[in-house]
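Shown below: data_12.txt, with compact mmCIF, C-alpha atoms.
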```
# COMPACT_ATOMS: atom_id res chain seq x y z
CA MET A 275 53.48 128.39 63.34
CA GLY A 276 56.07 127.73 66.04
CA THR A 277 58.61 129.96 64.33
CA ARG A 278 56.13 132.83 64.16
CA LEU A 279 55.32 132.45 67.87
CA LEU A 280 59.00 132.43 68.91
CA THR A 281 59.66 135.46 66.71
CA ALA A 282 56.78 137.32 68.33
CA TRP A 283 58.01 136.41 71.83
CA ALA A 284 61.53 137.61 71.07
CA ARG A 285 60.28 140.81 69.45
CA GLU A 286 57.96 141.78 72.32
CA GLY A 287 60.28 140.54 75.08
CA LYS A 288 57.49 138.81 76.98
CA PHE A 289 55.20 135.80 76.86
CA CYS A 290 52.09 137.82 76.13
CA LEU A 291 50.93 135.29 73.49
CA VAL A 292 50.41 132.66 76.18
CA GLY A 293 48.96 135.02 78.77
CA PHE A 294 45.99 137.32 78.96
CA SER A 295 45.48 139.87 76.22
CA GLY A 296 47.81 142.77 76.90
CA THR A 297 49.27 141.22 80.09
CA PRO A 298 52.54 139.24 80.17
CA SER A 299 52.75 135.86 81.85
CA ARG A 300 56.52 136.07 82.05
CA GLU A 301 56.31 136.39 85.85
CA ALA A 302 54.41 133.10 86.11
CA PHE A 303 57.02 131.36 83.98
CA ILE A 304 59.84 132.78 86.13
CA VAL A 305 58.09 131.55 89.30
CA SER A 306 57.78 128.08 87.78
CA VAL A 307 61.48 128.04 86.91
CA LEU A 308 62.36 129.11 90.46
CA LEU A 309 60.13 126.37 91.88
CA ALA A 310 61.86 123.80 89.71
CA LEU A 311 65.27 125.03 90.84
CA GLY A 312 64.12 125.05 94.47
CA PHE A 313 62.95 121.43 94.30
CA LEU A 314 66.04 120.34 92.37
CA PRO A 315 68.33 119.70 95.43
CA ALA A 316 65.61 117.63 97.14
CA TRP A 317 64.99 115.59 94.00
CA ILE A 318 68.73 114.97 93.60
CA ALA A 319 68.97 113.89 97.27
CA GLU A 320 66.08 111.47 96.72
CA GLY A 321 67.87 109.95 93.75
CA GLU A 322 65.45 111.16 91.09
CA PHE A 323 68.36 111.98 88.77
CA SER A 324 70.27 108.75 89.21
CA SER A 325 71.23 106.74 86.14
CA ASP A 326 68.20 104.45 86.41
CA SER A 327 65.63 107.20 87.07
CA LEU A 328 66.93 110.12 85.05
CA SER A 329 63.78 110.19 82.93
CA ASP A 330 61.60 110.49 86.04
CA GLY A 331 63.65 113.46 87.25
CA LEU A 332 63.35 115.20 83.90
CA VAL A 333 59.60 114.61 83.97
CA LEU A 334 59.42 116.23 87.42
CA VAL A 335 61.29 119.32 86.20
CA GLY A 336 59.20 119.53 83.05
CA SER A 337 55.90 119.18 84.93
CA THR A 338 56.91 121.96 87.31
CA LEU A 339 57.75 124.25 84.41
CA VAL A 340 54.47 123.65 82.57
CA LEU A 341 52.52 124.56 85.70
CA PHE A 342 53.07 128.21 84.72
CA ILE A 343 50.11 127.70 82.33
CA TRP A 344 47.80 127.13 85.31
CA ASN A 345 49.43 129.99 87.24
CA ALA A 346 48.94 132.47 84.40
CA LEU A 347 45.34 131.45 83.73
CA ILE A 348 44.28 131.46 87.38
CA ALA A 349 46.07 134.75 88.12
CA GLY A 350 44.23 136.39 85.24
CA LEU A 351 40.84 134.98 86.24
CA VAL A 352 41.04 136.08 89.87
CA SER A 353 42.29 139.54 88.84
CA ARG A 354 39.66 140.36 86.24
CA GLY A 355 37.95 142.93 88.45
CA ARG A 356 41.09 144.87 89.31
CA GLU A 357 42.41 147.97 87.62
CA GLY A 358 44.36 147.13 84.50
CA TRP A 359 42.77 143.68 84.12
CA ARG A 360 39.19 144.63 83.26
CA ASN A 361 37.71 143.44 79.98
CA VAL A 362 40.66 141.12 79.28
CA ARG A 363 40.30 137.63 77.90
CA PRO A 364 42.69 134.69 78.06
CA THR A 365 44.37 133.90 74.78
CA LEU A 366 43.54 130.72 72.93
CA LEU A 367 46.94 129.14 73.55
CA LEU A 368 46.60 129.61 77.29
CA VAL A 369 43.14 128.02 77.38
CA LEU A 370 44.25 125.11 75.22
CA GLY A 371 47.31 124.57 77.39
CA ALA A 372 45.22 124.52 80.58
CA VAL A 373 42.73 122.10 79.02
CA ALA A 374 45.58 119.87 77.85
CA LEU A 375 47.00 119.72 81.37
CA ALA A 376 43.60 118.82 82.78
CA VAL A 377 43.17 116.09 80.17
CA VAL A 378 46.61 114.66 80.96
CA LEU A 379 45.72 114.61 84.65
CA ILE A 380 42.39 112.89 84.05
CA VAL A 381 43.83 110.29 81.67
CA GLY A 382 46.81 109.63 83.93
CA VAL A 383 44.64 109.00 86.98
CA ALA A 384 42.00 107.01 85.08
CA THR A 385 44.58 104.70 83.47
CA GLY A 386 46.65 104.29 86.61
CA ARG A 387 49.65 106.10 85.20
CA PHE A 388 49.47 108.35 88.27
CA GLU A 389 49.56 106.47 91.54
CA GLU A 390 46.66 108.51 92.95
CA GLY A 391 44.28 106.57 90.71
CA ARG A 392 45.73 103.10 91.12
CA GLY A 393 43.26 100.59 92.54
CA LEU A 394 40.31 102.99 92.19
CA SER A 395 37.25 102.52 90.01
CA GLY A 396 33.74 103.78 89.63
CA ILE A 397 32.59 106.60 91.85
CA TYR A 398 35.84 106.55 93.81
CA LEU A 399 37.89 107.17 90.67
CA VAL A 400 35.59 110.01 89.63
CA ALA A 401 35.81 111.52 93.12
CA MET A 402 39.60 111.31 93.08
CA ILE A 403 39.79 113.02 89.66
CA ALA A 404 37.41 115.76 90.84
CA PHE A 405 39.44 116.24 94.02
CA LEU A 406 42.73 116.51 92.13
CA LEU A 407 41.28 118.98 89.64
CA ALA A 408 39.86 121.08 92.49
CA VAL A 409 43.19 121.08 94.32
CA THR A 410 45.04 121.95 91.12
CA VAL A 411 42.88 125.05 90.78
CA ALA A 412 42.28 125.97 94.43
CA VAL A 413 45.87 125.82 95.67
CA PRO A 414 47.36 128.16 93.02
CA ALA A 415 44.40 130.52 93.35
CA ALA A 416 44.68 130.69 97.15
CA ALA A 417 48.45 131.12 96.97
CA PHE A 418 48.11 133.90 94.39
CA LEU A 419 45.47 135.76 96.40
CA LEU A 420 47.51 135.46 99.58
CA GLY A 421 50.68 136.60 97.84
CA ARG A 422 48.90 139.54 96.21
CA THR A 423 47.42 140.62 99.54
CA VAL A 424 50.80 140.46 101.24
CA ILE A 425 52.47 142.42 98.44
CA ILE A 426 49.79 145.10 98.48
CA TRP A 427 50.28 145.48 102.24
CA LEU A 428 54.08 145.52 102.06
CA GLU A 429 54.49 147.74 98.99
CA PRO A 430 54.02 151.14 100.71
CA ARG A 431 56.11 149.97 103.67
CA PHE A 432 59.01 148.94 101.44
CA ARG A 433 58.77 152.10 99.36
CA VAL A 434 60.89 153.89 101.94
CA TYR A 435 63.79 151.61 101.03
CA GLY A 436 63.55 152.81 97.45
CA TYR A 437 63.88 156.34 98.77
CA LEU A 438 66.81 155.22 100.90
CA VAL A 439 68.71 154.17 97.78
CA ASP A 440 68.54 157.72 96.43
CA TYR A 441 69.92 159.12 99.67
CA LEU A 442 72.68 156.50 99.89
CA ARG A 443 73.69 157.25 96.31
CA VAL A 444 74.46 160.80 97.45
CA MET A 445 75.97 159.89 100.83
CA TRP A 446 78.10 156.85 100.08
CA VAL A 447 81.23 158.89 99.35
CA PRO A 448 81.03 160.97 102.59
CA ILE A 449 80.15 157.85 104.58
CA GLY A 450 83.11 156.01 103.07
CA ALA A 451 85.43 158.95 103.80
CA PHE A 452 84.24 159.02 107.42
CA ALA A 453 84.78 155.26 107.80
CA VAL A 454 88.28 155.42 106.30
CA GLY A 455 89.28 158.33 108.55
CA TYR A 456 87.84 156.65 111.65
CA LEU A 457 89.69 153.42 110.89
CA MET A 458 92.92 155.33 110.33
CA ILE A 459 92.58 156.93 113.76
CA ILE A 460 92.01 153.52 115.34
CA VAL A 461 95.01 151.97 113.60
CA LEU A 462 97.22 154.98 114.40
CA PHE A 463 96.44 154.94 118.12
CA ALA A 464 96.79 151.16 118.24
CA GLY A 465 100.39 151.74 117.19
CA PHE A 466 100.77 154.47 119.83
CA TYR A 467 99.41 152.16 122.54
CA GLY A 468 101.72 149.33 121.51
CA THR A 469 104.73 151.65 121.39
CA LEU A 470 103.96 153.11 124.83
CA ALA A 471 103.55 149.64 126.33
CA ARG A 472 106.82 148.58 124.72
CA PHE A 473 108.94 151.37 126.17
CA HIS A 474 106.96 151.80 129.43
CA PRO A 475 105.93 148.33 130.59
CA GLY A 476 103.86 149.60 133.49
CA ALA A 477 101.73 152.01 131.45
CA PHE A 478 98.90 149.46 131.01
CA ALA A 479 97.49 146.79 133.25
CA ASN A 480 97.39 143.41 131.48
CA PRO A 481 98.86 144.89 128.27
CA ALA A 482 98.00 143.35 124.96
CA THR A 483 100.49 140.95 123.40
CA GLY A 484 99.82 141.49 119.70
CA ILE A 485 98.63 143.98 117.13
CA THR A 486 95.17 142.39 116.99
CA GLU A 487 94.59 142.96 120.72
CA TRP A 488 95.88 146.52 120.48
CA LEU A 489 93.51 147.19 117.57
CA SER A 490 90.65 145.85 119.70
CA PHE A 491 91.69 148.04 122.62
CA SER A 492 91.95 151.07 120.29
CA PHE A 493 88.48 150.40 118.90
CA TYR A 494 86.90 150.23 122.35
CA ALA A 495 88.76 153.37 123.40
CA ALA A 496 87.47 155.19 120.31
CA VAL A 497 83.85 154.50 121.28
CA GLY A 498 84.42 155.24 124.97
CA GLN A 499 84.04 151.65 126.20
CA ASP A 500 86.27 149.79 128.64
CA PHE A 501 88.32 146.98 127.17
CA LEU A 502 87.89 143.53 128.71
CA THR A 503 91.42 143.14 130.14
CA THR A 504 93.79 145.96 129.18
CA ALA A 505 93.41 149.24 131.06
CA PRO A 506 95.50 152.42 131.18
CA VAL A 507 97.41 152.84 134.46
CA SER A 508 100.04 155.55 134.05
CA VAL A 509 99.32 159.22 133.45
CA SER A 510 100.77 159.07 129.94
CA ALA A 511 98.54 156.12 129.04
CA ARG A 512 95.43 157.87 130.35
CA ILE A 513 96.33 161.06 128.46
CA LEU A 514 96.80 159.02 125.30
CA VAL A 515 93.42 157.31 125.73
CA GLY A 516 91.73 160.65 126.45
CA THR A 517 93.33 162.23 123.39
CA HIS A 518 92.14 159.31 121.29
CA LEU A 519 88.59 159.62 122.59
CA ILE A 520 88.46 163.39 122.01
CA LEU A 521 89.89 163.05 118.51
CA SER A 522 87.44 160.29 117.59
CA ALA A 523 84.44 162.24 118.88
CA GLY A 524 85.69 165.42 117.19
CA TRP A 525 86.15 163.58 113.92
CA ALA A 526 82.57 162.34 114.02
CA VAL A 527 81.12 165.77 114.88
CA VAL A 528 83.21 167.75 112.39
CA MET A 529 82.72 165.22 109.62
CA PHE A 530 78.97 165.14 110.19
CA ALA A 531 78.74 168.92 110.06
CA ALA A 532 80.87 169.08 106.90
CA VAL A 533 78.87 166.37 105.19
CA MET A 534 75.50 167.93 106.01
CA SER A 535 76.57 171.36 104.82
CA SER A 536 77.90 169.86 101.60
CA ILE A 537 75.10 167.46 100.65
CA GLY A 538 72.22 169.16 102.46
CA PRO A 539 70.87 170.91 99.33
CA ARG A 540 71.00 167.67 97.34
CA LEU A 541 69.09 165.82 100.07
CA ASP A 542 66.48 168.57 100.08
CA ARG A 543 66.00 168.20 96.33
CA ILE A 544 65.55 164.44 96.71
CA ALA A 545 62.99 164.96 99.47
CA ARG A 546 61.04 167.45 97.36
CA ARG A 547 61.05 165.08 94.39
CA HIS A 548 59.74 162.21 96.52
CA ALA A 549 57.05 164.46 97.99
CA GLU A 550 55.96 165.45 94.48
CA ASP A 551 55.87 161.79 93.39
CA ASP A 552 53.74 160.82 96.41
CA GLY A 553 51.47 163.81 95.86
```

Please rewrite the model in this file as structure tokens.
Amino acid sequence: MGTRLLTAWAREGKFCLVGFSGTPSREAFIVSVLLALGFLPAWIAEGEFSSDSLSDGLVLVGSTLVLFIWNALIAGLVSRGREGWRNVRPTLLLVLGAVALAVVLIVGVATGRFEEGRGLSGIYLVAMIAFLLAVTVAVPAAAFLLGRTVIIWLEPRFRVYGYLVDYLRVMWVPIGAFAVGYLMIIVLFAGFYGTLARFHPGAFANPATGITEWLSFSFYAAVGQDFLTTAPVSVSARILVGTHLILSAGWAVVMFAAVMSSIGPRLDRIARRHAEDDG
């Protein structure tokens, strides 16, 4: 029986046999794995995986993983009225797994295996079991409903980023070419500034002392901003800074015009395709 189930899982590529009919519960299993991994550093810090409590740590990881049974069942039940989930029924394995987890919880609390039930008896023990069962169902259901509501609200707002990927796929080469050219201009003029300061010591006030400072000065000059300390003083230095600024601005304008004329038709086709998909 187990071999047939594993073969079916591998063939279909999803855990549909432990989920609702026609709906995979793979996502619930992935969430449970991520929860276990997220708690793992805290459990290690608390010493749950030390040599004398390794079994307790493994039990914690295993219990977190099996919670995907509750997640899958509750997600299906609260989604029955939505499109794509109507007239679906939970599979037998999912129901049996959820019942088994509930039985384990009840027996563990009633026998004192779980500390929540230690020292309780009678009506207090029954109330504690009922409370734990209610929390086990209510918390995943509330979290699922909240998460679904947030996702439904965010989905159309994040859709624009999916469109952005299509545009960036077309524009990454021109953008990269612009960045490389702009950086080359900055590096080139940083060398010019350093050379001018070397052979004409009075060309700059508070001249830079290294290539890093000259690169910083060249960057600020390229964007038309004053550097913090270094400033052009002589006519040759001011002409050099002005030439750098004009060349940088011209590079941006010319490159932008060339890029738009080259990729404009492709961007228009992408925009029309997105409009047709939304329509």

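Counting all atoms listed in the file, the residue from A:Val424, A:Ala471, A:Leu541, A:Ile397 that sits nearest to A:Arg443 is A:Leu541.
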
Could you work out an axis-aligned bounding box for all listed atoms of stretch 469-477 of chain A, with 5 Å added on each of the six sides, and give its centre and edge lengths in Å to one decimal, as JSON?
```
{"center_x": 105.3, "center_y": 150.7, "center_z": 127.4, "size_x": 17.2, "size_y": 14.8, "size_z": 22.1}
```

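Taking atom CA of A:Arg392 and atom CA of A:Ile348 as the two end points, the separation is 28.6 Å.
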
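Among the candidates A:Val400, A:Leu428, A:Val515, A:Val411, the one nearest to A:Val381 when counting all atoms listed in the file is A:Val400.
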
Closest atom pairs, stretch 410-464 of chain A residues within 10 Å of stretch 477-491 of chain A, only C-alpha atoms, as CSV:
```
residue,atom,partner,partner_atom,distance
A:Leu457,CA,A:Leu489,CA,9.9
A:Ile460,CA,A:Leu489,CA,6.9
A:Val461,CA,A:Leu489,CA,6.4
A:Leu462,CA,A:Leu489,CA,9.2
A:Phe463,CA,A:Leu489,CA,8.3
A:Ala464,CA,A:Leu489,CA,5.2
```
